[in-house]
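The data block below is final02.txt; it holds compact mmCIF, C-alpha atoms.
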# COMPACT_ATOMS: atom_id res chain seq x y z
CA MET A 22 15.35 -107.02 8.45
CA ASN A 23 15.38 -105.28 5.11
CA ALA A 24 12.55 -102.76 4.64
CA ASP A 25 12.36 -103.55 0.93
CA LYS A 26 11.72 -107.24 1.50
CA ILE A 27 8.36 -106.82 3.22
CA PRO A 28 5.50 -106.43 0.71
CA ASP A 29 4.04 -102.92 0.81
CA ILE A 30 0.56 -104.36 1.24
CA ILE A 31 1.66 -105.72 4.64
CA VAL A 32 3.32 -102.43 5.57
CA GLY A 33 0.01 -100.75 4.71
CA ARG A 34 -1.88 -102.84 7.26
CA LEU A 35 0.47 -102.08 10.16
CA PRO A 36 -0.87 -98.52 10.70
CA VAL A 37 -4.37 -99.99 10.94
CA TYR A 38 -3.24 -102.46 13.61
CA LEU A 39 -1.42 -99.69 15.43
CA ARG A 40 -4.51 -97.46 15.37
CA ALA A 41 -6.65 -100.28 16.76
CA LEU A 42 -4.10 -101.04 19.51
CA GLN A 43 -4.00 -97.38 20.51
CA GLY A 44 -7.79 -97.38 20.66
CA MET A 45 -7.72 -100.46 22.90
CA ALA A 46 -5.11 -98.85 25.15
CA GLU A 47 -7.31 -95.76 25.50
CA LYS A 48 -10.04 -98.07 26.77
CA GLY A 49 -7.65 -99.38 29.42
CA MET A 50 -6.98 -102.76 27.80
CA LYS A 51 -3.56 -104.34 28.44
CA THR A 52 -3.56 -107.46 26.25
CA THR A 53 -5.29 -108.63 23.11
CA SER A 54 -5.34 -111.61 20.76
CA SER A 55 -5.03 -111.79 16.99
CA GLN A 56 -8.68 -112.89 17.06
CA GLU A 57 -9.83 -109.80 18.96
CA LEU A 58 -7.62 -107.44 16.97
CA GLY A 59 -8.91 -109.03 13.78
CA GLU A 60 -12.54 -108.48 14.73
CA ASN A 61 -11.69 -104.87 15.52
CA VAL A 62 -10.11 -104.14 12.13
CA GLY A 63 -11.97 -106.58 9.91
CA ILE A 64 -8.94 -108.69 9.01
CA SER A 65 -8.55 -112.41 9.77
CA ALA A 66 -6.61 -113.46 12.86
CA ALA A 67 -4.36 -115.65 10.66
CA GLN A 68 -3.49 -112.71 8.41
CA ILE A 69 -2.66 -110.53 11.42
CA ARG A 70 -0.40 -113.20 12.94
CA LYS A 71 1.31 -113.67 9.58
CA ASP A 72 1.78 -109.92 9.04
CA ILE A 73 3.18 -109.27 12.50
CA SER A 74 5.45 -112.33 12.44
CA GLN A 75 7.27 -110.80 9.45
CA PHE A 76 8.89 -108.46 11.93
CA GLY A 77 9.55 -110.75 14.88
CA GLU A 78 7.86 -112.77 17.60
CA PHE A 79 5.82 -110.19 19.47
CA GLY A 80 3.08 -112.40 20.88
CA LYS A 81 3.02 -115.36 23.25
CA GLN A 82 1.14 -118.59 22.61
CA GLY A 83 -1.87 -118.61 24.88
CA THR A 84 -1.54 -115.13 26.32
CA GLY A 85 -1.62 -113.19 23.04
CA TYR A 86 -0.13 -109.74 22.61
CA SER A 87 0.80 -107.21 25.24
CA ILE A 88 -0.82 -104.02 23.89
CA PRO A 89 1.88 -101.61 25.15
CA TYR A 90 4.66 -103.86 23.86
CA LEU A 91 3.15 -104.46 20.41
CA THR A 92 2.26 -100.75 20.15
CA ASP A 93 5.88 -99.82 20.87
CA LYS A 94 7.15 -102.36 18.35
CA LEU A 95 4.79 -101.17 15.59
CA ARG A 96 5.68 -97.53 16.30
CA GLU A 97 9.33 -98.48 16.01
CA ILE A 98 8.81 -100.45 12.78
CA LEU A 99 6.79 -97.61 11.22
CA LYS A 100 9.31 -95.07 12.55
CA VAL A 101 6.64 -93.09 14.36
CA ASN A 102 8.37 -93.48 17.74
CA ARG A 103 9.48 -89.91 16.99
CA MET A 104 7.73 -86.76 15.75
CA TRP A 105 7.78 -85.99 12.00
CA ASP A 106 7.40 -82.42 10.81
CA VAL A 107 4.97 -82.05 7.91
CA VAL A 108 4.18 -79.16 5.58
CA VAL A 109 0.73 -78.46 4.13
CA VAL A 110 0.77 -77.04 0.61
CA GLY A 111 -2.51 -75.42 -0.38
CA ALA A 112 -4.44 -73.35 2.15
CA GLY A 113 -7.96 -74.00 0.89
CA GLU A 114 -10.66 -75.55 3.04
CA LEU A 115 -8.97 -78.95 3.13
CA GLY A 116 -5.58 -77.38 3.88
CA HIS A 117 -7.26 -75.51 6.72
CA ALA A 118 -8.82 -78.68 8.09
CA LEU A 119 -5.51 -80.57 7.94
CA SER A 120 -3.56 -77.71 9.53
CA ARG A 121 -5.91 -77.70 12.47
CA TYR A 122 -6.47 -81.44 12.74
CA GLN A 123 -5.88 -82.60 16.30
CA GLY A 124 -5.31 -86.24 15.39
CA PHE A 125 -1.74 -86.05 14.11
CA THR A 126 0.44 -85.38 17.13
CA ASN A 127 -0.32 -88.50 19.14
CA ARG A 128 0.42 -90.61 16.05
CA GLY A 129 3.81 -89.20 15.07
CA PHE A 130 3.18 -86.10 12.98
CA ARG A 131 2.85 -82.36 13.39
CA VAL A 132 2.12 -79.71 10.81
CA VAL A 133 4.78 -77.00 10.99
CA MET A 134 4.23 -74.84 7.89
CA VAL A 135 1.39 -74.01 5.50
CA PHE A 136 2.00 -72.61 2.01
CA ASP A 137 -0.13 -71.11 -0.74
CA ASN A 138 0.58 -69.03 -3.84
CA ASP A 139 -2.65 -67.02 -3.63
CA PRO A 140 -1.90 -63.43 -2.49
CA SER A 141 -5.32 -63.30 -0.83
CA LYS A 142 -4.32 -66.25 1.39
CA ILE A 143 -0.66 -65.48 2.10
CA GLY A 144 -0.31 -63.94 5.56
CA ASN A 145 -3.67 -65.26 6.77
CA LYS A 146 -3.78 -67.03 10.12
CA ILE A 147 -4.86 -70.69 10.38
CA GLY A 148 -4.89 -71.44 14.07
CA GLU A 149 -1.28 -70.95 15.14
CA PHE A 150 0.05 -70.86 11.56
CA THR A 151 0.52 -67.99 9.16
CA VAL A 152 0.07 -69.00 5.51
CA GLU A 153 3.45 -68.54 3.82
CA ASP A 154 4.19 -67.64 0.21
CA SER A 155 4.93 -70.71 -1.94
CA ALA A 156 7.73 -68.71 -3.51
CA SER A 157 9.80 -69.32 -0.38
CA MET A 158 8.68 -72.94 -0.04
CA VAL A 159 11.72 -74.73 -1.46
CA ASP A 160 14.17 -72.83 0.75
CA ARG A 161 12.01 -73.04 3.85
CA ILE A 162 11.52 -76.80 3.56
CA ARG A 163 15.13 -77.50 2.71
CA ASN A 164 16.44 -75.37 5.57
CA ALA A 165 14.12 -77.07 8.05
CA ASN A 166 15.04 -80.52 6.64
CA ILE A 167 11.38 -81.53 6.31
CA LYS A 168 10.70 -84.81 4.48
CA ILE A 169 6.89 -85.04 4.38
CA ALA A 170 4.29 -82.89 2.60
CA MET A 171 0.51 -82.97 2.35
CA LEU A 172 -0.62 -81.61 -0.98
CA THR A 173 -4.03 -79.95 -1.25
CA VAL A 174 -3.51 -77.77 -4.33
CA PRO A 175 -5.80 -77.95 -7.40
CA ALA A 176 -5.19 -80.92 -9.72
CA ALA A 177 -3.70 -78.69 -12.42
CA ALA A 178 -0.98 -77.47 -10.04
CA ALA A 179 -0.22 -80.79 -8.35
CA GLN A 180 2.64 -82.05 -10.55
CA SER A 181 4.52 -78.75 -10.75
CA THR A 182 4.16 -78.27 -6.99
CA THR A 183 5.39 -81.82 -6.39
CA ASP A 184 8.44 -81.17 -8.56
CA LYS A 185 9.29 -78.21 -6.32
CA LEU A 186 8.72 -80.26 -3.17
CA ILE A 187 11.13 -82.91 -4.43
CA GLN A 188 13.66 -80.20 -5.22
CA ALA A 189 13.25 -79.12 -1.59
CA GLY A 190 14.10 -82.61 -0.35
CA ILE A 191 10.61 -83.96 0.33
CA LYS A 192 10.57 -87.79 0.26
CA ALA A 193 6.91 -88.53 1.07
CA VAL A 194 3.87 -86.82 -0.42
CA LEU A 195 0.31 -87.35 0.76
CA ASN A 196 -1.56 -86.17 -2.32
CA TYR A 197 -5.14 -84.94 -1.99
CA ALA A 198 -5.27 -83.62 -5.56
CA PRO A 199 -7.25 -86.00 -7.77
CA VAL A 200 -4.40 -86.75 -10.16
CA SER A 201 -1.55 -89.27 -10.31
CA LEU A 202 1.92 -87.83 -9.72
CA ASN A 203 5.19 -88.74 -11.38
CA VAL A 204 8.00 -88.91 -8.83
CA PRO A 205 11.51 -90.44 -8.72
CA ALA A 206 11.90 -93.92 -7.24
CA ASN A 207 13.23 -92.54 -3.94
CA VAL A 208 10.05 -90.53 -3.29
CA ARG A 209 6.84 -92.10 -1.95
CA VAL A 210 3.35 -90.91 -2.81
CA GLN A 211 0.09 -91.88 -1.14
CA TYR A 212 -3.24 -90.75 -2.53
CA ILE A 213 -6.37 -89.57 -0.80
CA ASP A 214 -9.17 -89.04 -3.28
CA PRO A 215 -12.64 -89.58 -1.83
CA VAL A 216 -14.11 -90.27 -5.26
CA THR A 217 -11.91 -93.30 -5.92
CA HIS A 218 -13.10 -94.74 -2.60
CA LEU A 219 -16.73 -93.96 -3.38
CA GLN A 220 -16.45 -95.54 -6.83
CA ARG A 221 -14.89 -98.64 -5.31
CA MET A 222 -18.11 -99.01 -3.30
CA THR A 223 -20.70 -98.13 -5.96
CA TYR A 224 -19.37 -101.08 -7.97
CA TYR A 225 -21.04 -103.31 -5.39
CA LEU A 226 -24.30 -101.36 -5.01
CA MET B 11 -20.16 -111.16 -15.08
CA ASN B 12 -20.56 -111.60 -11.37
CA ALA B 13 -19.45 -108.62 -9.30
CA ASP B 14 -18.33 -110.90 -6.49
CA LYS B 15 -15.94 -112.84 -8.69
CA ILE B 16 -13.62 -109.93 -9.44
CA PRO B 17 -11.04 -109.38 -6.66
CA ASP B 18 -11.68 -106.14 -4.80
CA ILE B 19 -8.07 -105.11 -5.35
CA ILE B 20 -8.80 -104.94 -9.09
CA VAL B 21 -12.05 -103.08 -8.52
CA GLY B 22 -10.04 -100.61 -6.46
CA ARG B 23 -7.75 -99.79 -9.38
CA LEU B 24 -10.55 -99.07 -11.85
CA PRO B 25 -11.38 -95.63 -10.34
CA VAL B 26 -7.71 -94.70 -10.74
CA TYR B 27 -7.76 -95.69 -14.41
CA LEU B 28 -11.02 -93.81 -14.88
CA ARG B 29 -9.60 -90.68 -13.27
CA ALA B 30 -6.53 -90.83 -15.52
CA LEU B 31 -8.68 -91.34 -18.63
CA GLN B 32 -10.85 -88.36 -17.70
CA GLY B 33 -7.69 -86.30 -17.25
CA MET B 34 -6.46 -87.37 -20.70
CA ALA B 35 -9.85 -86.50 -22.24
CA GLU B 36 -9.67 -83.05 -20.66
CA LYS B 37 -6.35 -82.57 -22.47
CA GLY B 38 -8.07 -83.42 -25.77
CA MET B 39 -6.62 -86.90 -26.14
CA LYS B 40 -8.75 -89.49 -27.99
CA THR B 41 -6.78 -92.73 -27.65
CA THR B 42 -4.24 -94.21 -25.26
CA SER B 43 -2.29 -97.41 -24.71
CA SER B 44 -1.88 -99.55 -21.62
CA GLN B 45 1.75 -98.38 -21.67
CA GLU B 46 0.81 -94.69 -21.60
CA LEU B 47 -2.00 -95.18 -19.09
CA GLY B 48 0.42 -97.20 -16.94
CA GLU B 49 3.01 -94.44 -16.91
CA ASN B 50 0.28 -92.00 -15.94
CA VAL B 51 -0.92 -93.99 -12.93
CA GLY B 52 2.28 -95.79 -11.94
CA ILE B 53 0.99 -99.30 -12.67
CA SER B 54 2.49 -101.70 -15.21
CA ALA B 55 0.95 -101.93 -18.67
CA ALA B 56 0.56 -105.70 -18.23
CA GLN B 57 -1.39 -105.22 -14.99
CA ILE B 58 -3.68 -102.68 -16.61
CA ARG B 59 -4.42 -104.95 -19.57
CA LYS B 60 -5.09 -107.83 -17.20
CA ASP B 61 -7.36 -105.76 -14.94
CA ILE B 62 -9.40 -104.33 -17.80
CA SER B 63 -9.69 -107.66 -19.61
CA GLN B 64 -11.56 -109.03 -16.58
CA PHE B 65 -14.53 -107.04 -17.79
CA GLY B 66 -14.32 -107.53 -21.55
CA GLU B 67 -12.25 -106.70 -24.60
CA PHE B 68 -12.19 -102.92 -24.63
CA GLY B 69 -8.94 -102.31 -26.52
CA LYS B 70 -7.68 -103.16 -29.99
CA GLN B 71 -4.32 -104.75 -30.72
CA GLY B 72 -2.11 -102.06 -32.23
CA THR B 73 -4.47 -99.11 -31.78
CA GLY B 74 -4.92 -99.32 -28.01
CA TYR B 75 -7.90 -97.93 -26.17
CA SER B 76 -10.41 -95.35 -27.33
CA ILE B 77 -10.53 -92.96 -24.36
CA PRO B 78 -14.25 -92.08 -24.66
CA TYR B 79 -15.20 -95.74 -25.11
CA LEU B 80 -13.10 -97.06 -22.21
CA THR B 81 -14.26 -94.16 -20.03
CA ASP B 82 -17.88 -95.06 -20.74
CA LYS B 83 -17.24 -98.72 -20.02
CA LEU B 84 -15.48 -98.02 -16.71
CA ARG B 85 -18.22 -95.62 -15.66
CA GLU B 86 -20.75 -98.33 -16.44
CA ILE B 87 -18.79 -101.04 -14.56
CA LEU B 88 -18.36 -98.76 -11.52
CA LYS B 89 -22.00 -97.66 -11.79
CA VAL B 90 -21.09 -93.99 -11.97
CA ASN B 91 -22.83 -93.50 -15.31
CA ARG B 92 -25.51 -91.97 -13.09
CA MET B 93 -25.51 -89.48 -10.21
CA TRP B 94 -25.41 -90.82 -6.63
CA ASP B 95 -26.77 -88.75 -3.78
CA VAL B 96 -24.49 -88.65 -0.75
CA VAL B 97 -24.97 -87.38 2.80
CA VAL B 98 -22.25 -85.81 4.91
CA VAL B 99 -22.49 -86.58 8.63
CA GLY B 100 -20.43 -84.22 10.77
CA ALA B 101 -20.31 -80.53 9.92
CA GLY B 102 -16.82 -79.76 11.22
CA GLU B 103 -14.07 -78.37 9.03
CA LEU B 104 -13.72 -81.56 7.03
CA GLY B 105 -17.48 -81.87 6.62
CA HIS B 106 -17.50 -78.29 5.37
CA ALA B 107 -14.73 -78.99 2.88
CA LEU B 108 -16.49 -82.10 1.57
CA SER B 109 -19.87 -80.38 1.33
CA ARG B 110 -18.36 -77.67 -0.84
CA TYR B 111 -15.95 -79.84 -2.81
CA GLN B 112 -16.39 -79.19 -6.53
CA GLY B 113 -14.82 -82.45 -7.66
CA PHE B 114 -17.70 -84.85 -7.00
CA THR B 115 -20.34 -84.03 -9.60
CA ASN B 116 -18.36 -84.81 -12.73
CA ARG B 117 -17.42 -88.18 -11.23
CA GLY B 118 -20.84 -89.46 -10.23
CA PHE B 119 -21.62 -88.01 -6.80
CA ARG B 120 -23.39 -85.04 -5.27
CA VAL B 121 -23.77 -84.10 -1.64
CA VAL B 122 -27.44 -83.53 -0.85
CA MET B 123 -27.65 -83.28 2.94
CA VAL B 124 -25.34 -82.39 5.83
CA PHE B 125 -26.05 -83.47 9.42
CA ASP B 126 -24.63 -82.67 12.82
CA ASN B 127 -25.84 -83.12 16.40
CA ASP B 128 -24.21 -79.94 17.73
CA PRO B 129 -26.90 -77.28 18.40
CA SER B 130 -24.35 -74.58 17.56
CA LYS B 131 -23.99 -76.03 14.06
CA ILE B 132 -27.55 -77.09 13.27
CA GLY B 133 -29.19 -74.50 11.02
CA ASN B 134 -25.87 -73.06 9.82
CA LYS B 135 -25.37 -72.57 6.11
CA ILE B 136 -22.58 -74.40 4.27
CA GLY B 137 -22.73 -73.08 0.73
CA GLU B 138 -26.17 -74.12 -0.50
CA PHE B 139 -26.79 -76.51 2.41
CA THR B 140 -28.31 -75.96 5.82
CA VAL B 141 -26.86 -78.23 8.50
CA GLU B 142 -29.66 -80.51 9.65
CA ASP B 143 -30.20 -82.06 13.06
CA SER B 144 -28.89 -85.64 13.28
CA ALA B 145 -32.05 -86.48 15.20
CA SER B 146 -33.94 -86.45 11.89
CA MET B 147 -31.16 -88.20 9.99
CA VAL B 148 -32.56 -91.74 9.85
CA ASP B 149 -35.93 -90.62 8.51
CA ARG B 150 -34.48 -88.10 6.08
CA ILE B 151 -32.04 -90.61 4.56
CA ARG B 152 -34.58 -93.39 4.39
CA ASN B 153 -37.22 -91.20 2.78
CA ALA B 154 -34.77 -89.93 0.18
CA ASN B 155 -33.52 -93.49 -0.45
CA ILE B 156 -29.89 -92.45 -0.11
CA LYS B 157 -27.32 -95.25 -0.04
CA ILE B 158 -23.99 -93.47 0.51
CA ALA B 159 -22.67 -91.50 3.49
CA MET B 160 -19.43 -89.69 4.24
CA LEU B 161 -18.68 -89.80 7.95
CA THR B 162 -16.65 -86.99 9.51
CA VAL B 163 -17.76 -87.28 13.14
CA PRO B 164 -15.28 -87.72 16.03
CA ALA B 165 -13.87 -91.23 16.47
CA ALA B 166 -15.88 -91.82 19.64
CA ALA B 167 -19.16 -91.21 17.79
CA ALA B 168 -18.32 -93.09 14.60
CA GLN B 169 -19.70 -96.54 15.42
CA SER B 170 -22.99 -95.34 16.93
CA THR B 171 -23.51 -92.97 13.99
CA THR B 172 -22.76 -95.78 11.55
CA ASP B 173 -25.32 -98.00 13.27
CA LYS B 174 -27.94 -95.28 12.67
CA LEU B 175 -26.87 -94.85 9.06
CA ILE B 176 -27.30 -98.57 8.46
CA GLN B 177 -30.72 -98.41 10.08
CA ALA B 178 -31.49 -95.64 7.56
CA GLY B 179 -30.56 -97.92 4.65
CA ILE B 180 -27.03 -96.68 3.93
CA LYS B 181 -24.99 -99.34 2.12
CA ALA B 182 -21.67 -97.54 1.62
CA VAL B 183 -19.78 -95.49 4.21
CA LEU B 184 -16.72 -93.41 3.48
CA ASN B 185 -15.31 -93.14 6.99
CA TYR B 186 -12.99 -90.25 7.85
CA ALA B 187 -13.04 -91.03 11.58
CA PRO B 188 -9.78 -92.73 12.61
CA VAL B 189 -11.41 -95.92 13.84
CA SER B 190 -12.44 -99.25 12.30
CA LEU B 191 -16.19 -99.78 11.96
CA ASN B 192 -18.21 -102.94 12.44
CA VAL B 193 -20.86 -103.28 9.74
CA PRO B 194 -23.00 -106.11 8.36
CA ALA B 195 -21.74 -108.00 5.30
CA ASN B 196 -24.08 -106.12 2.96
CA VAL B 197 -22.58 -102.73 3.88
CA ARG B 198 -19.27 -101.48 2.46
CA VAL B 199 -16.84 -99.24 4.32
CA GLN B 200 -13.86 -97.39 2.91
CA TYR B 201 -11.45 -95.54 5.17
CA ILE B 202 -9.72 -92.22 4.74
CA ASP B 203 -7.26 -91.61 7.57
CA PRO B 204 -4.30 -89.45 6.58
CA VAL B 205 -2.17 -90.85 9.40
CA THR B 206 -2.33 -94.43 8.13
CA HIS B 207 -1.08 -93.16 4.75
CA LEU B 208 1.67 -91.10 6.37
CA GLN B 209 2.80 -94.06 8.51
CA ARG B 210 2.87 -96.28 5.43
CA MET B 211 5.46 -93.85 4.02
CA THR B 212 7.57 -93.21 7.13
CA TYR B 213 8.30 -96.93 7.19
CA TYR B 214 10.49 -96.33 4.13
CA LEU B 215 12.12 -93.08 5.26
Is it possible to express this structure as structure tokens?
Amino acid sequence: MNADKIPDIIVGRLPVYLRALQGMAEKGMKTTSSQELGENVGISAAQIRKDISQFGEFGKQGTGYSIPYLTDKLREILKVNRMWDVVVVGAGELGHALSRYQGFTNRGFRVVMVFDNDPSKIGNKIGEFTVEDSASMVDRIRNANIKIAMLTVPAAAAQSTTDKLIQAGIKAVLNYAPVSLNVPANVRVQYIDPVTHLQRMTYYL
Amino acid sequence: MNADKIPDIIVGRLPVYLRALQGMAEKGMKTTSSQELGENVGISAAQIRKDISQFGEFGKQGTGYSIPYLTDKLREILKVNRMWDVVVVGAGELGHALSRYQGFTNRGFRVVMVFDNDPSKIGNKIGEFTVEDSASMVDRIRNANIKIAMLTVPAAAAQSTTDKLIQAGIKAVLNYAPVSLNVPANVRVQYIDPVTHLQRMTYYL
């Protein structure tokens, strides 16, 4: 299958299915149905069947999905059947929280470096990490062949920092700065801005 | 217009447009075009015109959009032309970061209370806040008539905490716990889980 042929909106739902399946597995469940999975994630059973069938026939009529099998398949499709090294850029409170977050490793990611340009932060310890000087960031990332960055710098610094990350070979940026980034077509950006989510809800209040 | 008639996917883009317009205003810009706004946010000009036209005619052929006028209209549509009180539930590192985040107030939100059930955290200061005991949460939220909560508790506690929040009258939950929540139809949930965003990008790597 060609990665570009699957609509991104479907790709975006797969991690949610995977998370739900992992939660079911932790509860000791072995099989599930599109109905049950749908109730868990708030998406219709028909949509789930349609989404998953884009990638192959992973369920059986009548018996549903094997949780370990579908989990393995989704991890393979999303390429998280391996560990991805990630850098955190910006060692403020959010950068701290992300660097110490325990929820990455069992889902395919581990933070390996933390950078900041603030002399009062460089050299500080965050758990097992020492905050490194952004001045060495491009070389450090390139030499370690890291492809993913989480960006927690102030909005005003986000674009210039992103430009440096791209220069360093980063291909995926999870941007926590509340600003849209301009990147080349071969670089992916995802945004986490709590206010956009809050405003999407106040519309309905 | 009827709020329910506009697809949620369109509603979800309005906060992104609003954020970009506020950024332009901060740079001293007075007018913009759907083309320019589109380049800023990475969405086509045609899509932006279509989205905005769902709510009225806010631009002029040839002269484009007045930034202050469109900003006001979007703030009105999203109901953030007022200040919303928000509670933070879970006073871990992420709860700390959110409680102290400076980027809420100029976009319609202010944190007013922080709760935790951990005796070692209750009573601690986070900036101007004192962490309150979750045992008093339902009464405190109901008495203050607060409608929005940010949830940063562990995954295992997320559903039971949400049930209490709904009991307290909360209608919008921004959930940072990596688990899907079951809520009644009159309650909105938005999810922030960095791993789902990261996995949506690794698919393409």
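Ranking B:Pro78, B:Gly113, B:Pro25, B:Pro17 by their shortest atom-to-atom distance to chain A, with only C-alpha atoms included, puts B:Pro25 first.
CA of Ser43 (chain B) lies 9.5 Å from CA of Lys70 (chain B).
CA of Ala112 (chain A) to CA of Val132 (chain A) spans 12.6 Å [interatomic distance, one decimal].
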Go through A:Val110, A:Tyr122, A:Arg96, A:Thr223 one by one, measure the shortest atom-to-atom distance of each to Asn196 (chain A) using only C-alpha atoms, and give the residue with the smallest value.
A:Val110
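Using only C-alpha atoms, the shortest contact distance between Leu95 (chain A) and any of B:Tyr27, B:Ala145, B:Ile151, B:Tyr213 is found at B:Tyr213.
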Show me the residues around (-28.2, -85.2, -9.6) - criterion: an atom at most 9 Å away, all atoms listed in the file counted - as a list in words.
Arg92, Met93, Trp94, Asp95, Thr115, Gly118, Phe119, Arg120 and Val122 of chain B
If I put a ball of radius 9 Å at (-4.1, -94.8, -13.4) in the file's coordinates, which residues poke into it when counting only C-alpha atoms, written as JSON, numbers by chain?
{"A": [200, 201], "B": [23, 24, 25, 26, 27, 28, 29, 30, 31, 47, 48, 49, 50, 51, 52, 53, 58]}
For chain B, which of A:Arg221, A:Lys185, A:Lys142, A:Lys26 is the closest residue, counting only C-alpha atoms?
A:Arg221
Could you rebuild region 133-150 of chain B with N, CA and C atoms and give me the result as a short mmCIF file (atom, residue, chain, number, x, y, z; two decimals), in the frame of the given file?
data_model
loop_
_atom_site.label_atom_id
_atom_site.label_comp_id
_atom_site.auth_asym_id
_atom_site.auth_seq_id
_atom_site.Cartn_x
_atom_site.Cartn_y
_atom_site.Cartn_z
N GLY B 133 -28.60 -75.73 11.56
CA GLY B 133 -29.19 -74.50 11.02
C GLY B 133 -28.19 -73.61 10.30
N ASN B 134 -26.89 -73.86 10.53
CA ASN B 134 -25.87 -73.06 9.82
C ASN B 134 -25.88 -73.38 8.33
N LYS B 135 -25.48 -72.38 7.56
CA LYS B 135 -25.37 -72.57 6.11
C LYS B 135 -23.96 -73.04 5.76
N ILE B 136 -23.88 -74.04 4.88
CA ILE B 136 -22.58 -74.40 4.27
C ILE B 136 -22.83 -74.33 2.77
N GLY B 137 -22.39 -73.26 2.15
CA GLY B 137 -22.73 -73.08 0.73
C GLY B 137 -24.24 -73.11 0.58
N GLU B 138 -24.72 -74.03 -0.25
CA GLU B 138 -26.17 -74.12 -0.50
C GLU B 138 -26.91 -74.95 0.55
N PHE B 139 -26.16 -75.61 1.45
CA PHE B 139 -26.79 -76.51 2.41
C PHE B 139 -27.05 -75.83 3.75
N THR B 140 -28.09 -76.32 4.42
CA THR B 140 -28.31 -75.96 5.82
C THR B 140 -28.02 -77.20 6.64
N VAL B 141 -27.19 -77.07 7.66
CA VAL B 141 -26.86 -78.23 8.50
C VAL B 141 -28.12 -78.68 9.22
N GLU B 142 -28.46 -79.96 9.05
CA GLU B 142 -29.66 -80.51 9.65
C GLU B 142 -29.33 -81.26 10.94
N ASP B 143 -30.34 -81.37 11.77
CA ASP B 143 -30.20 -82.06 13.06
C ASP B 143 -30.09 -83.57 12.84
N SER B 144 -29.07 -84.18 13.40
CA SER B 144 -28.89 -85.64 13.28
C SER B 144 -30.10 -86.41 13.79
N ALA B 145 -30.87 -85.79 14.66
CA ALA B 145 -32.05 -86.48 15.20
C ALA B 145 -33.02 -86.88 14.09
N SER B 146 -33.03 -86.13 13.00
CA SER B 146 -33.94 -86.45 11.89
C SER B 146 -33.25 -87.25 10.79
N MET B 147 -31.99 -87.61 11.03
CA MET B 147 -31.16 -88.20 9.99
C MET B 147 -31.72 -89.50 9.43
N VAL B 148 -32.11 -90.42 10.32
CA VAL B 148 -32.56 -91.74 9.85
C VAL B 148 -33.77 -91.59 8.92
N ASP B 149 -34.74 -90.81 9.34
CA ASP B 149 -35.93 -90.62 8.51
C ASP B 149 -35.60 -89.92 7.19
N ARG B 150 -34.81 -88.88 7.28
CA ARG B 150 -34.48 -88.10 6.08
C ARG B 150 -33.78 -88.95 5.04
#
